[in-house]
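Trainee: Sharing target-v4.csv, CSV, C-alpha atoms:
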chain,number,residue,atom,x,y,z
T,1,PHE,CA,110.7,68.9,94.3
T,2,PHE,CA,107.7,70.9,95.4
T,3,PHE,CA,106.6,72.0,98.8
T,4,THR,CA,103.3,73.3,100.2
T,5,HIS,CA,104.5,75.7,103.0
T,6,ASN,CA,102.4,73.6,105.4
T,7,VAL,CA,103.2,74.7,108.9
T,8,MET,CA,103.3,72.1,111.7
T,9,ALA,CA,100.0,70.8,112.9
T,10,ASN,CA,98.5,72.9,115.7
T,11,THR,CA,100.9,75.8,115.0
T,12,PRO,CA,99.8,78.7,117.2
T,13,PRO,CA,98.3,81.8,115.4
T,14,HIS,CA,101.0,84.4,115.9
T,15,CYS,CA,103.7,81.9,114.8
T,16,ALA,CA,101.6,80.9,111.8
T,17,GLU,CA,101.5,84.6,110.9
T,18,PHE,CA,105.2,84.9,111.2
T,19,TRP,CA,105.6,81.9,108.9
T,20,ALA,CA,103.2,83.3,106.3
T,21,ALA,CA,105.2,86.6,106.3
T,22,ALA,CA,108.4,84.7,105.3
T,23,LYS,CA,106.8,83.2,102.2
T,24,ARG,CA,109.3,84.7,99.7
T,25,PRO,CA,112.5,83.6,101.4
T,26,LEU,CA,110.9,80.2,102.1
T,27,ASP,CA,109.9,79.8,98.5
T,28,ALA,CA,113.5,80.5,97.5
T,29,THR,CA,114.9,78.1,100.1
T,30,GLU,CA,112.6,75.3,99.0
T,31,LYS,CA,114.1,75.5,95.5
T,32,HIS,CA,117.7,76.1,96.6
T,33,PRO,CA,120.2,74.0,94.5
T,34,PHE,CA,122.1,73.0,97.7
T,35,LEU,CA,119.0,71.2,99.2
T,36,VAL,CA,117.8,69.8,95.9
T,37,ALA,CA,121.2,68.3,95.2
T,38,MET,CA,121.4,66.8,98.7
T,39,LEU,CA,118.2,65.0,98.1
T,40,ASP,CA,119.2,63.7,94.6
T,41,SER,CA,122.7,62.9,95.9
T,42,SER,CA,124.4,65.2,93.3
T,43,LEU,CA,125.8,67.7,95.8
T,44,PRO,CA,129.6,67.7,95.6
T,45,LEU,CA,131.1,66.4,98.8
T,46,PRO,CA,133.5,69.4,99.2
T,47,VAL,CA,130.5,71.7,99.3
T,48,PHE,CA,128.9,69.7,102.0
T,49,LYS,CA,132.1,69.5,104.0
T,50,HIS,CA,132.4,73.3,103.8
T,51,TYR,CA,128.8,73.6,105.0
T,52,VAL,CA,129.2,71.2,107.9
T,53,VAL,CA,132.3,73.0,109.2
T,54,GLN,CA,130.5,76.4,109.0
T,55,ASP,CA,127.3,74.9,110.6
T,56,ALA,CA,129.4,73.6,113.5
T,57,MET,CA,130.8,77.1,114.0
T,58,TYR,CA,127.2,78.5,113.8
T,59,LEU,CA,126.0,76.0,116.4
T,60,THR,CA,128.7,77.1,118.9
T,61,GLU,CA,127.4,80.6,118.7
T,62,PHE,CA,123.7,79.4,118.6
T,63,ALA,CA,124.3,77.7,122.0
T,64,ARG,CA,125.9,80.9,123.3
T,65,CYS,CA,122.7,82.8,122.3
T,66,LEU,CA,120.5,80.3,124.1
T,67,ARG,CA,122.6,80.7,127.2
T,68,ILE,CA,122.2,84.5,127.0
T,69,LEU,CA,118.5,84.0,126.8
T,70,SER,CA,118.5,81.7,129.7
T,71,THR,CA,119.8,84.5,131.9
T,72,LYS,CA,117.0,86.8,130.6
T,73,ALA,CA,114.1,84.2,130.8
T,74,PRO,CA,111.2,85.4,132.9
T,75,SER,CA,110.8,82.1,134.9
T,76,GLU,CA,113.1,79.5,136.5
T,77,GLU,CA,111.4,76.9,134.3
T,78,LEU,CA,112.4,78.8,131.1
T,79,LYS,CA,115.9,79.5,132.4
T,80,LYS,CA,116.4,75.8,132.8
T,81,ARG,CA,114.8,75.0,129.5
T,82,PHE,CA,117.0,77.4,127.5
T,83,GLU,CA,120.1,75.9,129.1
T,84,GLU,CA,118.8,72.5,128.0
T,85,PHE,CA,118.3,73.8,124.4
T,86,ALA,CA,121.9,75.0,124.5
T,87,VAL,CA,123.1,71.6,125.6
T,88,GLY,CA,121.0,70.0,122.8
T,89,ALA,CA,122.7,72.2,120.2
T,90,GLU,CA,126.2,71.4,121.6
T,91,GLU,CA,125.6,67.6,122.1
T,92,ALA,CA,122.8,66.2,120.0
T,93,GLU,CA,123.3,68.3,116.8
T,94,MET,CA,127.0,68.6,117.1
T,95,SER,CA,127.3,64.8,117.5
T,96,LEU,CA,126.1,64.6,113.8
T,97,HIS,CA,128.8,67.0,112.8
T,98,LYS,CA,131.5,65.2,114.8
T,99,SER,CA,130.5,61.9,113.2
T,100,TYR,CA,131.1,63.5,109.8
T,101,PHE,CA,134.5,64.9,110.9
T,102,GLU,CA,135.5,61.4,112.1
T,103,SER,CA,134.5,59.7,108.9
T,104,TRP,CA,136.4,62.3,106.9
T,105,GLY,CA,139.5,62.1,109.0
T,106,VAL,CA,139.5,65.8,109.7
T,107,LYS,CA,139.9,67.7,113.0
T,108,PRO,CA,138.7,71.3,112.5
T,109,ILE,CA,139.4,73.7,115.4
T,110,ILE,CA,136.0,75.4,115.6
T,111,GLY,CA,135.8,79.0,116.6
T,112,VAL,CA,138.3,81.9,116.6
T,113,GLN,CA,138.8,81.6,120.4
T,114,ASP,CA,139.9,78.0,120.3
T,115,ASN,CA,143.7,78.0,120.3
T,116,SER,CA,144.3,74.3,121.0
T,117,ALA,CA,147.0,72.6,118.9
T,118,GLU,CA,145.9,68.9,118.6
T,119,ASP,CA,147.9,66.8,116.2
T,120,GLY,CA,146.4,67.0,112.7
T,121,ALA,CA,144.0,69.8,113.7
T,122,GLU,CA,143.2,72.5,111.2
T,123,LYS,CA,142.2,76.0,112.2
T,124,VAL,CA,139.1,77.2,110.5
T,125,ASP,CA,137.5,80.6,110.5
T,126,PHE,CA,134.0,82.0,109.9
T,127,ALA,CA,132.8,82.4,106.4
T,128,PRO,CA,131.3,85.9,105.8
T,129,CYS,CA,127.7,84.7,106.0
T,130,THR,CA,128.3,82.7,109.1
T,131,LEU,CA,129.9,85.7,110.8
T,132,MET,CA,127.0,87.9,109.6
T,133,TYR,CA,124.3,85.5,110.8
T,134,THR,CA,125.9,84.8,114.2
T,135,SER,CA,126.7,88.4,114.9
T,136,TRP,CA,123.2,89.4,114.1
T,137,MET,CA,121.6,87.0,116.5
T,138,LEU,CA,124.1,87.6,119.2
T,139,GLY,CA,123.4,91.3,118.9
T,140,ILE,CA,119.7,90.8,119.4
T,141,CYS,CA,120.0,88.2,122.2
T,142,SER,CA,122.5,90.4,124.0
T,143,ALA,CA,121.0,93.9,123.5
T,144,GLU,CA,117.2,93.4,123.1
T,145,ASP,CA,114.5,91.9,125.3
T,146,PHE,CA,114.1,88.2,125.8
T,147,GLU,CA,111.1,88.0,123.4
T,148,TYR,CA,113.1,89.4,120.5
T,149,GLY,CA,116.0,87.1,121.2
T,150,VAL,CA,113.6,84.2,121.0
T,151,ALA,CA,112.4,85.4,117.6
T,152,SER,CA,115.9,85.7,116.3
T,153,LEU,CA,116.6,82.0,116.9
T,154,LEU,CA,113.2,80.7,115.7
T,155,ALA,CA,114.1,80.5,112.0
T,156,CYS,CA,117.0,78.2,112.7
T,157,PHE,CA,114.8,75.8,114.6
T,158,TRP,CA,111.8,75.9,112.4
T,159,VAL,CA,113.3,76.1,108.9
T,160,TYR,CA,115.6,73.2,109.5
T,161,GLN,CA,112.7,71.1,110.9
T,162,TYR,CA,110.5,72.0,107.9
T,163,MET,CA,113.1,71.3,105.3
T,164,GLY,CA,114.2,68.1,107.1
T,165,ASP,CA,110.6,66.9,107.3
T,166,VAL,CA,109.8,67.5,103.6
T,167,MET,CA,113.1,66.0,102.4
T,168,LEU,CA,112.4,62.9,104.5
T,169,LYS,CA,109.0,62.5,102.8
T,170,GLU,CA,110.5,63.2,99.3
T,171,ARG,CA,113.2,60.7,100.0
T,172,ALA,CA,110.6,58.1,100.9
T,173,ALA,CA,108.8,58.8,97.7
T,174,LYS,CA,112.0,58.4,95.7
T,175,ARG,CA,112.7,55.1,97.4
T,176,ARG,CA,109.3,53.8,96.4
T,177,GLY,CA,109.1,55.1,92.9
T,178,GLU,CA,112.5,55.5,91.3
T,179,GLU,CA,114.4,52.3,90.5
T,180,ALA,CA,117.5,54.3,89.6
T,181,TYR,CA,117.5,56.4,92.8
T,182,VAL,CA,120.9,56.2,94.4
T,183,GLU,CA,120.8,57.4,98.0
T,184,ASN,CA,123.8,59.1,99.6
T,185,GLU,CA,124.2,57.9,103.1
T,186,VAL,CA,126.1,61.0,104.1
T,187,TYR,CA,123.2,63.3,103.2
T,188,SER,CA,120.6,60.9,104.5
T,189,LYS,CA,122.1,61.2,108.0
T,190,TRP,CA,121.4,64.9,107.9
T,191,ILE,CA,117.8,64.4,106.6
T,192,ASP,CA,117.2,61.8,109.4
T,193,MET,CA,118.5,64.2,112.1
T,194,TYR,CA,116.3,67.2,111.1
T,195,GLY,CA,113.4,65.4,109.7
T,196,GLY,CA,112.9,63.2,112.8
T,197,GLU,CA,110.1,63.2,115.3
T,198,GLU,CA,112.4,64.2,118.2
T,199,PHE,CA,113.6,67.4,116.6
T,200,GLU,CA,110.0,68.2,115.5
T,201,ALA,CA,108.9,67.9,119.1
T,202,GLU,CA,111.6,70.3,120.2
T,203,VAL,CA,110.6,72.8,117.5
T,204,LYS,CA,107.0,72.6,118.5
T,205,GLU,CA,107.9,73.4,122.1
T,206,TYR,CA,110.1,76.4,121.0
T,207,CYS,CA,107.2,77.7,118.8
T,208,GLY,CA,105.0,77.5,121.9
T,209,ILE,CA,107.5,79.7,123.8
T,210,ALA,CA,107.7,82.1,120.9
T,211,GLU,CA,103.9,82.3,120.8
T,212,GLN,CA,103.8,83.2,124.5
T,213,CYS,CA,106.4,85.9,123.8
T,214,ALA,CA,104.2,87.3,121.0
T,215,ASN,CA,101.2,87.3,123.4
T,216,ASN,CA,103.3,89.3,125.9
T,217,VAL,CA,104.6,92.1,123.7
T,218,GLY,CA,101.5,93.6,122.1
T,219,ASP,CA,100.9,94.6,118.5
T,220,LYS,CA,104.1,96.7,118.0
T,221,GLY,CA,106.2,94.0,119.6
T,222,ARG,CA,104.7,91.3,117.5
T,223,GLU,CA,105.6,93.3,114.3
T,224,ARG,CA,109.1,93.4,115.6
T,225,MET,CA,109.2,89.7,116.2
T,226,LYS,CA,107.8,89.0,112.8
T,227,GLU,CA,110.4,91.3,111.2
T,228,ILE,CA,113.2,89.4,113.1
T,229,PHE,CA,111.8,86.0,112.1
T,230,VAL,CA,111.6,87.0,108.4
T,231,ARG,CA,115.2,88.3,108.5
T,232,GLY,CA,116.2,85.0,110.1
T,233,CYS,CA,114.6,83.1,107.2
T,234,VAL,CA,116.6,85.2,104.8
T,235,LEU,CA,119.8,84.4,106.6
T,236,GLU,CA,119.0,80.7,106.5
T,237,TYR,CA,118.7,81.0,102.8
T,238,LEU,CA,122.0,82.9,102.5
T,239,PHE,CA,123.7,80.3,104.7
T,240,TRP,CA,123.0,77.5,102.2
T,241,ASP,CA,123.8,79.8,99.3
T,242,SER,CA,127.1,80.7,100.9
T,243,SER,CA,128.0,77.1,101.4
T,244,LEU,CA,127.2,76.2,97.8
T,245,LYS,CA,129.6,78.9,96.6
T,246,LEU,CA,132.3,77.9,99.1
T,247,SER,CA,132.4,81.5,100.3
T,248,SER,CA,135.3,82.6,102.4
T,249,PHE,CA,137.1,85.8,103.3
T,250,PRO,CA,139.8,86.9,100.9
T,251,THR,CA,143.3,86.1,102.0
T,252,PHE,CA,144.9,88.8,99.8
T,253,GLU,CA,147.8,86.4,99.1
Can you give me the file's structure in the form of structure tokens?
Mentor:
Amino acid sequence: FFFTHNVMANTPPHCAEFWAAAKRPLDATEKHPFLVAMLDSSLPLPVFKHYVVQDAMYLTEFARCLRILSTKAPSEELKKRFEEFAVGAEEAEMSLHKSYFESWGVKPIIGVQDNSAEDGAEKVDFAPCTLMYTSWMLGICSAEDFEYGVASLLACFWVYQYMGDVMLKERAAKRRGEEAYVENEVYSKWIDMYGGEEFEAEVKEYCGIAEQCANNVGDKGRERMKEIFVRGCVLEYLFWDSSLKLSSFPTFE
């Protein structure tokens, strides 16, 4: 399928510049076999299961980053909002992942710090790309100014919303035009989540915060924010690529 790189309506100017700077990784992401196969229902289920477990681990660290930024936010309003973003990642997005786990009859123990021993639970660990991505954003959110932490999380919000929105429209076109189109309900739940209006509204709000950050840091700071956003888009691409390859650390057994 083909995309247009259209940013959201009324995207503020600095964020639009960040998006344009990420054209090459976005081009690659749009054609990634993982996402194409999700849409045409040909993605092998074990690949998607691997992705969902790793994404759940990612979301745990993503929420942690949002809480770090909450402590750095320049206003009480933003402190509260970033805490709400964290809760959204833990509850709204993770509810999708938990629904998958329940339907598959699996009980992954998410995170290296979770030592619970629930009956039937299976300990899982970070894949190399998941660890790389989460370590990168945790480092920025912890060690750098609020504005750069905001930039490090922007790709996760925005690329997922963009891909979800386009896949939602492509799915609608397939439903109308292809008699032989067989829709996979498992993958459609993901498309509905990230292509929905509620998630789009949240992403627009986060872009507004990123735009204000860009206004606050000057030209040099905006270049740094752009650099971080582009790297985030590359890491988003690598995350799907890693999942397609079922990447994991060697066991040396």
Trainee: Could you give me, as a Markdown table, a per-residue list for stretch 69-150 of chain T showing, wherever an atom lies at most 12 Å from an atom of stretch 231-235 of chain T, the closest pair of atoms and their distance in Å to one decimal, using all atoms listed in the file and sorting by chain then residue number from low to high?
Mentor:
| residue | atom | partner | partner_atom | distance |
| --- | --- | --- | --- | --- |
| T:Pro128 | CA | T:Leu235 | CA | 11.6 |
| T:Cys129 | CA | T:Leu235 | CA | 7.9 |
| T:Thr130 | CA | T:Leu235 | CA | 9.0 |
| T:Leu131 | CA | T:Leu235 | CA | 11.0 |
| T:Met132 | CA | T:Leu235 | CA | 8.5 |
| T:Tyr133 | CA | T:Leu235 | CA | 6.3 |
| T:Thr134 | CA | T:Leu235 | CA | 9.8 |
| T:Ser135 | CA | T:Leu235 | CA | 11.5 |
| T:Trp136 | CA | T:Gly232 | CA | 9.2 |
| T:Met137 | CA | T:Gly232 | CA | 8.6 |
| T:Ile140 | CA | T:Gly232 | CA | 11.5 |
| T:Tyr148 | CA | T:Gly232 | CA | 11.7 |
| T:Gly149 | CA | T:Gly232 | CA | 11.3 |
| T:Val150 | CA | T:Gly232 | CA | 11.2 |
Trainee: T:Cys213, T:Leu168, T:Leu244, T:Leu138: which is nearest T:Trp190, counting only C-alpha atoms?
Mentor: T:Leu168
Trainee: Point out the residue among T:Cys65, T:Cys156, T:Leu246, T:Val182 with the least atom-to-atom distance to T:Tyr206, counting all atoms listed in the file.
Mentor: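 Nearest candidate to T:Tyr206 out of T:Cys65, T:Cys156, T:Leu246, T:Val182: T:Cys156.
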Trainee: With 9 Å as the threshold, what does the neighbourhood of (106.5, 78.7, 118.3) contain in terms of residues, counting only C-alpha atoms? Coordinates are those of the file; answer as a list in words.
Mentor: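 The answer, in the requested form, is Thr11, Pro12, His14, Cys15, Ala16, Ala151, Leu154, Trp158, Val203, Lys204, Glu205, Tyr206, Cys207, Gly208, Ile209, Ala210, Glu211 and Gln212 of chain T.
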Trainee: Select, counting all atoms listed in the file, all protein, DNA and RNA residues no farther than 12 Å from (133.7, 81.5, 100.9) in file coordinates, and express the selection as a ChimeraX atom specification.
Mentor: /T:47,50-51,53-54,124-131,238-251
